[in-house]
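Structure file start-v8.cif (mmCIF, C-alpha atoms and all ligand atoms) is printed below.
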```
data_data
#
loop_
_atom_site.label_atom_id
_atom_site.label_comp_id
_atom_site.auth_asym_id
_atom_site.auth_seq_id
_atom_site.Cartn_x
_atom_site.Cartn_y
_atom_site.Cartn_z
CA MET A 1 160.08 76.88 138.42
CA LYS A 2 161.09 75.86 134.90
CA ALA A 3 161.06 72.34 133.44
CA SER A 4 162.51 70.91 130.24
CA ILE A 5 161.21 67.75 128.64
CA ILE A 6 163.28 66.01 125.99
CA GLU A 7 161.87 63.06 124.14
CA PHE A 8 162.22 60.62 121.29
CA SER A 9 158.90 59.24 120.10
CA PRO A 10 158.87 57.49 116.73
CA SER A 11 155.19 56.54 116.80
CA GLY A 12 153.81 59.20 119.15
CA ASN A 13 153.07 57.33 122.41
CA THR A 14 155.94 58.88 124.35
CA ASN A 15 155.01 62.26 122.90
CA HIS A 16 151.48 61.82 124.24
CA VAL A 17 152.88 61.22 127.73
CA SER A 18 155.15 64.28 127.37
CA GLU A 19 152.15 66.43 126.44
CA VAL A 20 150.19 65.22 129.48
CA ILE A 21 153.19 65.90 131.77
CA LYS A 22 153.57 69.36 130.18
CA ALA A 23 149.89 70.21 130.72
CA ALA A 24 150.00 68.99 134.35
CA LEU A 25 153.14 71.03 135.09
CA GLU A 26 151.72 74.15 133.45
CA GLN A 27 148.52 73.81 135.47
CA ASN A 28 150.80 74.01 138.50
CA ASN A 29 152.46 77.20 137.24
CA ILE A 30 155.63 75.45 136.09
CA ASN A 31 156.90 76.68 132.71
CA VAL A 32 157.84 73.93 130.28
CA GLN A 33 160.11 73.66 127.26
CA LEU A 34 159.38 70.51 125.22
CA VAL A 35 162.11 69.32 122.86
CA ASN A 36 161.25 66.44 120.53
CA ILE A 37 164.19 65.03 118.58
CA THR A 38 162.01 62.67 116.52
CA GLY A 39 162.72 63.15 112.80
CA ASN A 40 164.80 66.26 113.58
CA GLU A 41 167.20 66.54 110.64
CA LYS A 42 169.59 68.79 112.50
CA TYR A 43 169.83 66.35 115.41
CA PHE A 44 170.22 63.22 113.30
CA SER A 45 172.77 64.73 110.91
CA THR A 46 175.13 66.28 113.46
CA ASN A 47 178.10 64.48 114.95
CA ASN A 48 178.12 67.03 117.72
CA LYS A 49 174.96 66.13 119.61
CA ARG A 50 176.20 67.81 122.77
CA ASN A 51 176.45 71.10 120.94
CA PHE A 52 172.94 70.67 119.50
CA LEU A 53 171.57 70.03 122.99
CA GLN A 54 173.53 72.91 124.50
CA GLU A 55 172.09 75.28 121.88
CA THR A 56 168.55 73.90 122.15
CA PHE A 57 168.09 73.60 125.89
CA GLU A 58 166.90 76.52 127.91
CA GLU A 59 167.87 76.79 131.57
CA HIS A 60 165.70 74.57 133.78
CA ASP A 61 165.21 73.45 137.38
CA ILE A 62 164.11 69.95 136.46
CA LEU A 63 164.63 67.75 133.41
CA PHE A 64 162.34 65.01 132.04
CA ILE A 65 163.54 62.47 129.49
CA GLY A 66 161.11 60.30 127.51
CA SER A 67 161.88 57.19 125.48
CA PRO A 68 160.16 54.15 124.03
CA VAL A 69 161.30 50.66 125.03
CA TYR A 70 162.83 48.82 122.07
CA ALA A 71 163.76 45.16 122.50
CA HIS A 72 163.60 45.41 126.32
CA HIS A 73 166.03 48.37 126.33
CA LEU A 74 166.02 52.13 126.45
CA GLN A 75 165.96 53.02 122.72
CA TYR A 76 169.58 53.49 121.70
CA HIS A 77 169.14 57.05 120.40
CA VAL A 78 167.96 58.05 123.88
CA LYS A 79 171.00 56.39 125.43
CA GLU A 80 173.18 58.46 123.12
CA LEU A 81 171.16 61.56 123.95
CA ILE A 82 171.67 61.14 127.70
CA GLU A 83 175.39 60.55 127.15
CA ASN A 84 175.53 63.89 125.32
CA LEU A 85 173.51 65.96 127.79
CA PRO A 86 175.27 69.14 128.84
CA LYS A 87 176.69 68.96 132.35
CA PRO A 88 174.22 69.83 135.14
CA MET A 89 175.56 73.32 135.78
CA ASN A 90 175.16 76.90 134.53
CA GLY A 91 171.37 76.81 134.77
CA TYR A 92 170.90 73.12 133.90
CA SER A 93 169.43 71.22 136.80
CA GLU A 94 170.89 68.11 138.39
CA ILE A 95 167.37 66.72 138.90
CA ALA A 96 166.26 64.37 136.12
CA ILE A 97 163.15 62.22 135.74
CA PRO A 98 163.12 59.50 133.08
CA PHE A 99 159.90 58.07 131.69
CA ILE A 100 159.36 55.26 129.24
CA THR A 101 156.48 53.88 127.21
CA TYR A 102 156.29 50.23 126.18
CA GLY A 103 153.88 48.08 124.24
CA GLY A 104 152.49 46.00 127.10
CA ILE A 105 154.84 43.05 126.52
CA SER A 106 157.75 44.00 128.76
CA SER A 107 159.25 47.30 129.84
CA GLY A 108 162.51 45.34 130.12
CA ILE A 109 165.36 47.15 131.81
CA ALA A 110 164.86 50.49 130.04
CA LEU A 111 163.99 52.63 133.06
CA ASP A 112 166.92 51.28 135.06
CA GLU A 113 169.23 51.96 132.09
CA ALA A 114 167.96 55.54 131.95
CA GLY A 115 168.58 55.97 135.68
CA ILE A 116 172.13 54.61 135.46
CA LEU A 117 173.02 56.87 132.51
CA LEU A 118 171.50 59.94 134.15
CA ARG A 119 173.48 59.22 137.32
CA LYS A 120 176.63 58.92 135.20
CA SER A 121 175.87 62.33 133.70
CA GLY A 122 176.05 63.79 137.21
CA ARG A 123 172.31 63.97 137.86
CA LYS A 124 170.02 62.80 140.65
CA VAL A 125 166.99 60.70 139.74
CA PRO A 126 164.31 61.10 142.43
CA PHE A 127 161.48 59.51 140.36
CA GLY A 128 160.92 57.47 137.22
CA MET A 129 157.79 56.36 135.41
CA LYS A 130 156.79 53.59 133.03
CA VAL A 131 153.63 53.78 130.94
CA SER A 132 151.90 50.87 129.25
CA SER A 133 150.96 51.98 125.72
CA SER A 134 150.07 50.50 122.35
CA HIS A 135 152.68 48.24 120.73
CA CYS A 136 153.54 50.29 117.66
CA MET A 137 155.39 47.49 115.87
CA THR A 138 152.29 45.29 115.79
CA ARG A 139 150.53 47.92 113.60
CA ALA A 140 152.59 46.79 110.63
CA PHE A 141 151.98 43.05 110.53
CA MET A 142 149.38 41.94 113.09
CA LYS A 143 145.59 41.99 112.67
CA GLU A 144 145.35 44.80 115.19
CA GLU A 145 147.68 46.93 117.28
CA PHE A 146 148.36 45.17 120.58
CA ASN A 147 147.60 46.93 123.88
CA LYS A 148 145.94 49.98 122.35
CA ASN A 149 143.23 51.95 124.19
CA GLN A 150 144.98 51.99 127.55
CA PRO A 151 142.88 53.97 130.08
CA GLU A 152 143.80 57.65 129.95
CA SER A 153 142.69 57.97 133.59
CA LYS A 154 145.58 55.74 134.74
CA LEU A 155 148.07 57.92 132.88
CA THR A 156 146.69 61.19 134.23
CA SER A 157 146.45 59.94 137.82
CA THR A 158 150.07 58.68 137.69
CA ILE A 159 151.27 62.01 136.31
CA ASP A 160 149.20 63.94 138.87
CA GLU A 161 150.94 61.94 141.60
CA LEU A 162 154.35 62.70 140.04
CA VAL A 163 153.60 66.44 139.90
CA LYS A 164 152.28 66.32 143.48
CA ARG A 165 155.54 64.77 144.66
CA ILE A 166 157.57 67.39 142.80
CA LYS A 167 155.49 70.28 144.14
CA SER A 168 155.67 69.06 147.72
CA SER A 169 159.47 68.78 147.67
CA ASP A 170 162.23 71.31 147.92
CA LEU A 171 164.19 70.55 144.73
CA ASP A 172 167.48 71.27 146.50
CA PHE A 173 166.78 68.48 148.95
CA LEU A 174 165.46 65.82 146.56
CA THR A 175 167.51 62.64 146.84
CA ASP A 176 168.43 60.07 144.24
CA ASN A 177 166.08 57.09 144.11
CA SER A 178 167.42 55.45 140.98
CA LYS A 179 167.81 52.12 142.78
CA HIS A 180 163.99 51.89 142.71
CA LEU A 181 164.11 51.67 138.90
CA LYS A 182 165.63 48.20 139.24
CA TYR A 183 162.17 46.64 139.58
CA GLN A 184 162.64 43.66 137.25
CA ASN A 185 163.89 40.23 138.29
CA ILE A 186 167.24 38.79 137.34
CA GLY A 187 165.64 36.73 134.52
CA THR A 188 164.55 39.91 132.71
CA TYR A 189 168.07 41.36 133.02
CA LEU A 190 169.56 38.15 131.59
CA LYS A 191 167.01 38.07 128.73
CA ALA A 192 167.61 41.74 127.90
CA ASN A 193 171.38 41.45 127.96
CA ILE A 194 171.78 38.07 126.30
CA ILE A 195 168.84 37.72 123.90
CA PHE A 196 167.40 41.16 123.20
CA LYS A 197 170.42 43.07 121.94
CA GLU A 198 168.64 45.96 120.27
CA LYS A 199 171.10 46.73 117.48
CA VAL A 200 171.48 43.04 116.59
CA TRP A 201 167.70 42.74 116.36
CA HIS A 202 167.56 45.75 114.03
CA GLU A 203 170.23 44.20 111.87
CA LYS A 204 169.12 40.59 111.86
CA ARG A 205 165.66 39.96 113.31
CA TYR A 206 163.13 42.70 112.56
CA PRO A 207 161.48 42.61 109.11
CA LYS A 208 163.21 45.04 106.75
CA ILE A 209 161.48 47.66 104.62
CA THR A 210 161.78 47.66 100.84
CA ILE A 211 160.66 50.36 98.39
CA ASP A 212 159.12 49.56 95.01
CA GLN A 213 160.22 52.53 92.93
CA ASN A 214 157.59 51.63 90.28
CA LYS A 215 154.78 52.10 92.77
CA CYS A 216 156.30 55.22 94.36
CA MET A 217 154.65 58.49 93.31
CA LYS A 218 157.38 60.58 94.98
CA CYS A 219 155.00 62.33 97.39
CA GLY A 220 157.67 62.43 100.13
CA LYS A 221 155.26 61.43 102.92
CA CYS A 222 157.53 58.61 104.09
CA THR A 223 160.47 61.01 104.54
CA LYS A 224 158.34 63.26 106.74
CA VAL A 225 157.33 60.45 109.11
CA CYS A 226 160.72 58.74 109.25
CA SER A 227 161.68 59.05 112.90
CA VAL A 228 165.44 58.99 112.31
CA CYS A 229 165.73 60.65 108.85
CA HIS A 230 166.70 57.32 107.29
CA LEU A 231 164.47 57.96 104.26
CA GLN A 232 165.31 60.95 102.09
CA GLN A 233 164.44 62.22 98.61
CA ASN A 234 167.18 62.74 96.04
CA SER A 235 167.22 65.46 93.36
CA THR A 236 164.69 63.54 91.23
CA LYS A 237 162.50 63.05 94.34
CA SER A 238 163.13 59.29 94.39
CA ILE A 239 163.39 57.80 97.87
CA ILE A 240 166.87 56.83 99.01
CA LYS A 241 168.12 55.33 102.26
CA ASN A 242 170.47 57.46 104.36
CA MET A 243 173.15 55.00 105.46
CA ASN A 244 174.39 57.39 108.16
CA SER A 245 171.16 56.92 110.13
CA ASP A 246 169.95 53.32 110.31
CA CYS A 247 166.30 52.29 110.12
CA ILE A 248 164.91 51.57 113.59
CA HIS A 249 161.84 49.66 112.42
CA CYS A 250 159.17 52.01 113.72
CA PHE A 251 157.25 51.19 110.49
CA ASN A 252 155.71 54.67 110.22
CA CYS A 253 156.66 54.72 106.52
CA VAL A 254 154.90 51.42 105.79
CA LEU A 255 151.69 52.74 107.31
CA GLU A 256 151.94 56.20 105.77
CA CYS A 257 152.73 55.32 102.13
CA PRO A 258 149.55 55.97 100.11
CA THR A 259 150.49 53.58 97.26
CA LYS A 260 151.82 50.73 99.41
CA ALA A 261 155.20 51.12 97.71
CA ILE A 262 156.89 50.36 101.04
CA THR A 263 156.51 46.81 102.24
CA LEU A 264 158.25 44.44 104.61
CA VAL A 265 160.56 41.66 103.57
CA GLY A 266 161.53 38.72 105.71
CA ASP A 267 159.61 35.84 107.22
CA LEU A 268 156.49 37.73 108.37
CA GLU A 269 154.71 34.56 109.47
CA LYS A 270 157.64 33.81 111.79
CA ALA A 271 157.61 37.41 113.08
CA LYS A 272 153.86 37.17 113.71
CA GLY A 273 154.23 33.84 115.48
CA PHE A 274 157.01 35.19 117.69
CA MET A 275 154.98 38.30 118.56
CA GLU A 276 151.90 36.18 119.39
CA LYS A 277 154.00 34.09 121.76
CA MET A 278 155.31 37.22 123.47
CA ILE A 279 151.79 38.67 123.72
CA ASN A 280 150.45 35.47 125.30
CA LYS A 281 153.21 35.60 127.92
CA ALA A 282 152.80 39.34 128.65
CA ILE A 283 152.02 39.75 132.35
CA GLU A 284 153.84 42.87 133.53
CA SER A 285 152.24 44.18 136.71
CA PRO A 286 151.81 46.96 137.58
CA ALA A 287 151.56 47.96 133.94
CA THR A 288 151.89 51.71 134.48
CA CYS A 289 153.76 52.87 137.55
CA LEU A 290 155.57 55.76 139.21
CA TYR A 291 158.77 54.86 141.08
CA PRO A 292 159.46 54.75 143.97
CA ASN A 293 156.25 52.77 144.09
CA LEU A 294 154.67 53.67 147.42
CA LYS A 295 151.71 51.25 147.10
C1 LIG B 301 161.63 47.96 117.23
C2 LIG B 301 160.63 47.94 118.35
C3 LIG B 301 160.90 47.19 119.50
C4 LIG B 301 159.98 47.18 120.56
N1 LIG B 301 160.26 46.45 121.68
C5 LIG B 301 159.35 46.38 122.69
C6 LIG B 301 159.59 45.59 123.86
O1 LIG B 301 160.65 45.00 124.05
N2 LIG B 301 158.60 45.51 124.79
C7 LIG B 301 157.40 46.16 124.63
O2 LIG B 301 156.52 46.00 125.48
N3 LIG B 301 157.18 46.97 123.58
C8 LIG B 301 158.11 47.10 122.60
N4 LIG B 301 157.87 47.90 121.52
C9 LIG B 301 156.68 48.78 121.51
C10 LIG B 301 157.02 50.20 121.96
O3 LIG B 301 157.83 50.19 123.13
C11 LIG B 301 155.77 51.03 122.24
O4 LIG B 301 154.88 50.96 121.19
C12 LIG B 301 156.15 52.46 122.59
O5 LIG B 301 155.06 53.06 123.24
C13 LIG B 301 156.51 53.25 121.36
O6 LIG B 301 156.76 54.57 121.72
P1 LIG B 301 156.60 55.78 120.69
O7 LIG B 301 155.16 55.73 120.19
O8 LIG B 301 156.87 56.97 121.49
O9 LIG B 301 157.55 55.53 119.59
C14 LIG B 301 158.77 47.92 120.45
C15 LIG B 301 158.51 48.67 119.30
C16 LIG B 301 159.43 48.68 118.25
C17 LIG B 301 159.12 49.49 117.02
S1 LIG B 302 155.21 57.65 100.81
FE1 LIG B 302 155.28 56.01 99.28
S2 LIG B 302 154.65 56.99 97.41
FE2 LIG B 302 155.23 58.65 98.80
S3 LIG B 302 157.40 59.00 98.39
FE3 LIG B 302 157.33 57.50 100.02
S4 LIG B 302 157.43 55.51 98.99
FE4 LIG B 302 156.88 57.03 97.45
S1 LIG B 303 162.62 53.82 107.30
FE1 LIG B 303 160.51 53.49 107.92
S2 LIG B 303 160.63 51.89 109.47
FE2 LIG B 303 162.69 52.68 109.21
S3 LIG B 303 162.92 54.28 110.78
FE3 LIG B 303 162.21 55.30 108.90
S4 LIG B 303 159.96 55.34 109.07
FE4 LIG B 303 160.73 53.86 110.57
#
```
If you convert what's in this file into structure tokens, what do you get?
Amino acid sequence: MKASIIEFSPSGNTNHVSEVIKAALEQNNINVQLVNITGNEKYFSTNNKRNFLQETFEEHDILFIGSPVYAHHLQYHVKELIENLPKPMNGYSEIAIPFITYGGISSGIALDEAGILLRKSGRKVPFGMKVSSSHCMTRAFMKEEFNKNQPESKLTSTIDELVKRIKSSDLDFLTDNSKHLKYQNIGTYLKANIIFKEKVWHEKRYPKITIDQNKCMKCGKCTKVCSVCHLQQNSTKSIIKNMNSDCIHCFNCVLECPTKAITLVGDLEKAKGFMEKMINKAIESPATCLYPNLK
């Protein structure tokens, strides 16, 4: 059996889950191709994403797709990625398993969105998984990163269960269970669709980055960690913003810059206050879960 995993992981949590899935599959004699589009210049600069995916993907019997939750939604680059997946034919399986990581506040409606899009692409979704991880955004402006140090044992046992279910099934007879990814109540759907419009939040709500060219020593580190190739160096090695790929506020650059030339503008006290309110209300249970949830 051959599996492909495709992921977008700006701050590395989703990538960690992908690596654990890969190791568990390989231990069960399933070959794995792992494709990570994070910071991939070729992927972010092409208008023909379908072609990129067609050229990159090897044939597989099962496909895994990993994404972070941004503003209660499946991160929009992953939505675009699913919409551009090659058709499930000619060696590409019709079985797809989405997985998401979120920062312990709310997984929102991301897993359901992934299931719906995968169904639309002609695939069956027998399982889906959400994983409670650290909240990467809080690294940039809170005292400490919220929800870090989640127990690794919970992640490995959930993935072991997923691999067990795959191994004990005949792939040809796996049925679609995407309706089980609709685990949130109507209030969460309303909040996600009315309040948390991801692109609007990027444009208007999240603190913006600014670069002090006087402090910049042109080391290029920020361009290497930029998850969407928004930051680039020009011919004099000064940092410029690529307006064809918008900033998605992962804040890797802020944390990576050795001279603190990259800072956040906006009302940070308000952002902190809002985040604290969300953290105090965070009660998602179960936090990490494989769907269908048989417990
Ligand atoms: C712009 C942005 C929006 C986010 N929105 C949410 C959210 O709605 N709920 C939540 O629990 N975590 C949220 N997070 C935290 C991420 O979902 C979490 O840290 C995730 O594991 C990041 O995955 P990655 O490390 O693979 O990038 C957000 C993070 C960022 C940067
Ligand atoms: S990481 Fe900081 S110092 Fe280095 S190029 Fe980027 S902005 Fe300049
Ligand atoms: S510019 Fe900085 S905050 Fe924006 S996507 Fe790139 S690394 Fe993340």
Nearest-residue call for Lys218 (chain A), choices A:Met1, A:Leu118, A:Ala192, A:Cys257, using all atoms listed in the file =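 Nearest to Lys218 (chain A): A:Cys257.
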request  = Could you check which of A:Tyr189, A:Phe251, A:Tyr70, A:Phe8 is closest to ligand LIG 302 (chain B), using all atoms listed in the file?
outcome  =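 Residue with the minimum atom-to-atom distance to ligand LIG 302 (chain B): A:Phe251.
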request  = Compute the set of protein, DNA and RNA residues whose minimum atom distance to ligand LIG 301 (chain B) is at most 6 Å, using all atoms listed in the file, and state it as a list in words.
outcome  =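 Result of the 6 Å neighbour search around ligand LIG 301 (chain B): Ser9, Pro10, Ser11, Gly12, Asn13, Thr14, Asn15, Pro68, Val69, Tyr70, Ala71, His72, Thr101, Tyr102, Gly103, Gly104, Ile105, Ser106, Ser107, Ser133, Ser134, His135, Cys136, Met137, His249 and Cys250 of chain A.
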message = List as a PyMOL selection string the protein and nucleic acid residues lying within 6 Å of ligand LIG 303 (chain B), with all atoms listed in the file counted.
response = chain A and resi 225-228+230-231+247-253
inquiry  = Restricting the calculation to only C-alpha atoms and all ligand atoms: of A:Asn242, A:Asn234, A:Leu290, A:Ser285, which residue gets closest to ligand LIG 302 (chain B)?
reply    = A:Asn234
message = Residues contacting ligand LIG 302 (chain B) - anything with an atom at most 8 Å away, using all atoms listed in the file - can you give me those as a ChimeraX atom specification?
response = /A:211-213,215-223,233,237-239,253-254,256-262
Can you check which parts of region 74-149 of chain A lie within 12 Å of region 196-207 of chain A? Per residue, the shortest pair of atoms and distance in Å to one decimal, counting all atoms listed in the file, sorted by chain and number, as CSV.
```
residue,atom,partner,partner_atom,distance
A:Leu74,CA,A:Glu198,CA,9.1
A:Gln75,CA,A:Glu198,CA,7.9
A:Tyr76,CA,A:Glu198,CA,7.7
A:His77,CA,A:Lys199,CA,10.9
A:Lys79,CA,A:Glu198,CA,11.9
A:Ser106,CA,A:Phe196,CA,11.5
A:Gly108,CA,A:Phe196,CA,9.4
A:Ile109,CA,A:Phe196,CA,10.7
A:Ala110,CA,A:Glu198,CA,11.4
A:Met137,CA,A:Tyr206,CA,9.7
A:Thr138,CA,A:Tyr206,CA,11.6
A:Ala140,CA,A:Pro207,CA,9.9
A:Phe141,CA,A:Pro207,CA,9.6
```
key: Atom-to-atom span, CA of Ile62 (chain A) and CA of Asn47 (chain A), Å   =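 Result for CA of Ile62 (chain A) versus CA of Asn47 (chain A): 26.2 Å, one decimal.
With all atoms listed in the file as the atoms that count, the minimum distance from Asn84 (chain A) to the choices A:Leu190, A:Ala282, A:Leu171, A:Leu53 is reached by A:Leu53.
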task = Point out the residue among A:Ile37, A:Lys87, A:Ser153, A:Lys272 with the least atom-to-atom distance to Gln54 (chain A), counting all atoms listed in the file.
result =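 Among the listed residues, A:Lys87 lies closest to Gln54 (chain A).
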message = Measuring between all atoms listed in the file, which one of A:Asp160, A:Glu80, A:Glu7, A:Glu41 shows the shortest distance to Gln232 (chain A)?
response =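 Ranking A:Asp160, A:Glu80, A:Glu7, A:Glu41 by distance to Gln232 (chain A), first place goes to A:Glu41.
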